[in-house]
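Inspection log for the structure reproduced underneath, given as structure tokens.
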Amino acid sequence: MTRADHVSGSDRIFEALANIDPEGRCRIVVNVQGDLPLLAPDDIRSAIAPLEDPAVDVATLAAEITRVEERTNPNVVKVVGSPDRAAPTARALFFARDCPVW
């Protein structure tokens, strides 16, 4: 169990990892959200692939919002990114739950 005062899931993962791997031997940590238990294995592999580049520390999956109600739903995290012309990816500029421009 982790502390209840974490601001984000990433903070919670960091605490848990520090407890189970204090020497920092894990090279890759995959955080699968509990509300997405049926995430396809190929999607997980897609998220891990960019980590082969030593310049990449973190990777995440994102999908275009196609349902209008999700644009203003604070339970849906949004990402704004700039396309990477050399790859079928984007560089995340920021993440937000609420933003009036969506």
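Scheme for the structure tokens: letters A, B, ... for chains in order shown; per-chain residue numbers from 1; ligand numbers from 1 in order shown.
Near A:Leu61, within a cut-off of 12 Å and counting only C-alpha atoms, sit the residues A:Val30, A:Asn31, A:Val32, A:Gln33, A:Leu36, A:Leu39, A:Ala40, A:Asp42, A:Asp43, A:Ile44, A:Arg45, A:Ser46, A:Ala47, A:Ile48, A:Ala49, A:Pro50, A:Val58, A:Glu64, A:Val77, A:Lys78, A:Val79, A:Gly81, A:Thr89, A:Ala90, A:Arg91, A:Ala92, with same-chain residues fewer than 3 positions away left out.
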File of the preceding selection, N, CA, C and O atoms, as a compact mmCIF listing (two decimals), in the first residue's frame:
# COMPACT_ATOMS: atom_id res chain seq x y z
N VAL A 30 6.01 -0.53 -16.01
CA VAL A 30 4.78 -0.33 -16.77
C VAL A 30 3.65 -0.13 -15.77
O VAL A 30 3.42 -0.97 -14.91
N ASN A 31 2.96 0.99 -15.88
CA ASN A 31 1.82 1.30 -15.03
C ASN A 31 0.56 1.13 -15.86
O ASN A 31 0.29 1.90 -16.77
N VAL A 32 -0.21 0.09 -15.55
CA VAL A 32 -1.48 -0.15 -16.24
C VAL A 32 -2.58 0.31 -15.29
O VAL A 32 -2.68 -0.18 -14.16
N GLN A 33 -3.38 1.25 -15.73
CA GLN A 33 -4.45 1.78 -14.91
C GLN A 33 -5.46 0.69 -14.56
O GLN A 33 -5.82 -0.12 -15.41
N LEU A 36 -8.45 0.13 -16.80
CA LEU A 36 -8.21 -0.37 -18.16
C LEU A 36 -7.62 -1.79 -18.11
O LEU A 36 -6.58 -2.07 -18.69
N LEU A 39 -6.48 -3.73 -21.46
CA LEU A 39 -5.55 -3.08 -22.37
C LEU A 39 -4.82 -4.16 -23.18
O LEU A 39 -4.31 -5.13 -22.63
N ALA A 40 -4.79 -3.97 -24.49
CA ALA A 40 -4.19 -4.97 -25.37
C ALA A 40 -2.67 -5.06 -25.16
O ALA A 40 -2.01 -4.02 -25.05
N ASP A 42 -0.40 -5.57 -27.27
CA ASP A 42 0.30 -4.81 -28.31
C ASP A 42 0.38 -3.33 -27.96
O ASP A 42 1.36 -2.66 -28.30
N ASP A 43 -0.64 -2.81 -27.28
CA ASP A 43 -0.60 -1.41 -26.85
C ASP A 43 0.48 -1.20 -25.80
O ASP A 43 1.19 -0.20 -25.81
N ILE A 44 0.61 -2.16 -24.89
CA ILE A 44 1.67 -2.06 -23.88
C ILE A 44 3.04 -2.10 -24.55
O ILE A 44 3.93 -1.31 -24.24
N ARG A 45 3.21 -2.99 -25.52
CA ARG A 45 4.48 -3.05 -26.26
C ARG A 45 4.75 -1.72 -26.98
O ARG A 45 5.89 -1.26 -27.05
N SER A 46 3.70 -1.10 -27.51
CA SER A 46 3.86 0.20 -28.19
C SER A 46 4.34 1.27 -27.23
O SER A 46 5.11 2.16 -27.62
N ALA A 47 3.88 1.21 -25.99
CA ALA A 47 4.31 2.19 -25.00
C ALA A 47 5.75 1.96 -24.56
O ALA A 47 6.47 2.90 -24.24
N ILE A 48 6.17 0.71 -24.57
CA ILE A 48 7.53 0.38 -24.14
C ILE A 48 8.56 0.66 -25.24
O ILE A 48 9.69 1.04 -24.95
N ALA A 49 8.18 0.53 -26.48
CA ALA A 49 9.11 0.66 -27.61
C ALA A 49 9.95 1.95 -27.58
O ALA A 49 11.17 1.89 -27.80
N PRO A 50 9.37 3.12 -27.31
CA PRO A 50 10.20 4.34 -27.31
C PRO A 50 11.29 4.32 -26.25
O PRO A 50 12.29 5.04 -26.36
N VAL A 58 10.29 8.43 -20.27
CA VAL A 58 8.90 8.11 -19.98
C VAL A 58 8.13 8.02 -21.29
O VAL A 58 8.36 8.82 -22.20
N GLU A 64 -6.90 9.84 -29.61
CA GLU A 64 -7.69 11.01 -29.94
C GLU A 64 -9.06 10.90 -29.28
O GLU A 64 -9.69 9.83 -29.29
N VAL A 77 -8.06 12.22 -18.74
CA VAL A 77 -6.83 13.01 -18.86
C VAL A 77 -6.58 13.30 -20.33
O VAL A 77 -6.68 12.42 -21.18
N LYS A 78 -6.28 14.57 -20.62
CA LYS A 78 -6.00 14.99 -21.99
C LYS A 78 -4.50 15.26 -22.13
O LYS A 78 -3.85 15.65 -21.16
N VAL A 79 -3.99 15.06 -23.32
CA VAL A 79 -2.58 15.37 -23.58
C VAL A 79 -2.50 16.27 -24.80
O VAL A 79 -3.23 16.08 -25.77
N GLY A 81 0.30 17.40 -27.49
CA GLY A 81 1.63 16.99 -27.92
C GLY A 81 2.01 17.58 -29.26
O GLY A 81 1.16 18.04 -30.02
N THR A 89 4.91 9.06 -33.41
CA THR A 89 4.67 9.43 -32.02
C THR A 89 4.55 10.94 -31.91
O THR A 89 4.71 11.67 -32.87
N ALA A 90 4.30 11.40 -30.70
CA ALA A 90 4.28 12.83 -30.40
C ALA A 90 5.04 13.04 -29.10
O ALA A 90 5.14 12.14 -28.27
N ARG A 91 5.56 14.23 -28.95
CA ARG A 91 6.21 14.60 -27.69
C ARG A 91 5.15 15.32 -26.85
O ARG A 91 4.60 16.32 -27.29
N ALA A 92 4.86 14.78 -25.67
CA ALA A 92 3.85 15.39 -24.81
C ALA A 92 4.34 16.75 -24.32
O ALA A 92 5.46 16.87 -23.82
Would you please give, as an NGL selection string, all residues of chain A that DSSP assigns to alpha helix (DSSP H) based on the backbone? :A and (9-20 or 41-48)
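Here the question is which of A:Glu70, A:Ile28, A:Asn75, A:Gly9 gets nearest to A:Glu52 using only C-alpha atoms, and that residue is A:Ile28.
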Members of chain A assigned strand (DSSP E or B) by DSSP, as a PyMOL selection string: chain A and resi 78-84+89-96
Those residues with C-alpha atoms, as a compact mmCIF listing (two decimals), in the first residue's frame please?
# COMPACT_ATOMS: atom_id res chain seq x y z
CA LYS A 78 -6.00 14.99 -21.99
CA VAL A 79 -2.58 15.37 -23.58
CA VAL A 80 -1.32 18.09 -25.87
CA GLY A 81 1.63 16.99 -27.92
CA SER A 82 3.80 18.01 -30.82
CA PRO A 83 4.26 15.44 -33.59
CA ASP A 84 7.62 13.71 -33.93
CA THR A 89 4.67 9.43 -32.02
CA ALA A 90 4.28 12.83 -30.40
CA ARG A 91 6.21 14.60 -27.69
CA ALA A 92 3.85 15.39 -24.81
CA LEU A 93 3.83 19.08 -23.98
CA PHE A 94 1.39 18.83 -21.08
CA PHE A 95 -1.39 16.76 -19.53
CA ALA A 96 -4.62 18.18 -18.11
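Atom CA of A:Met1 to atom CA of A:Ala18 spans 12.4 Å [interatomic distance, one decimal].
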What does the distance between atom CA of A:Arg25 and atom CA of A:Ala62 come to in Å, to one decimal place? 27.5 Å
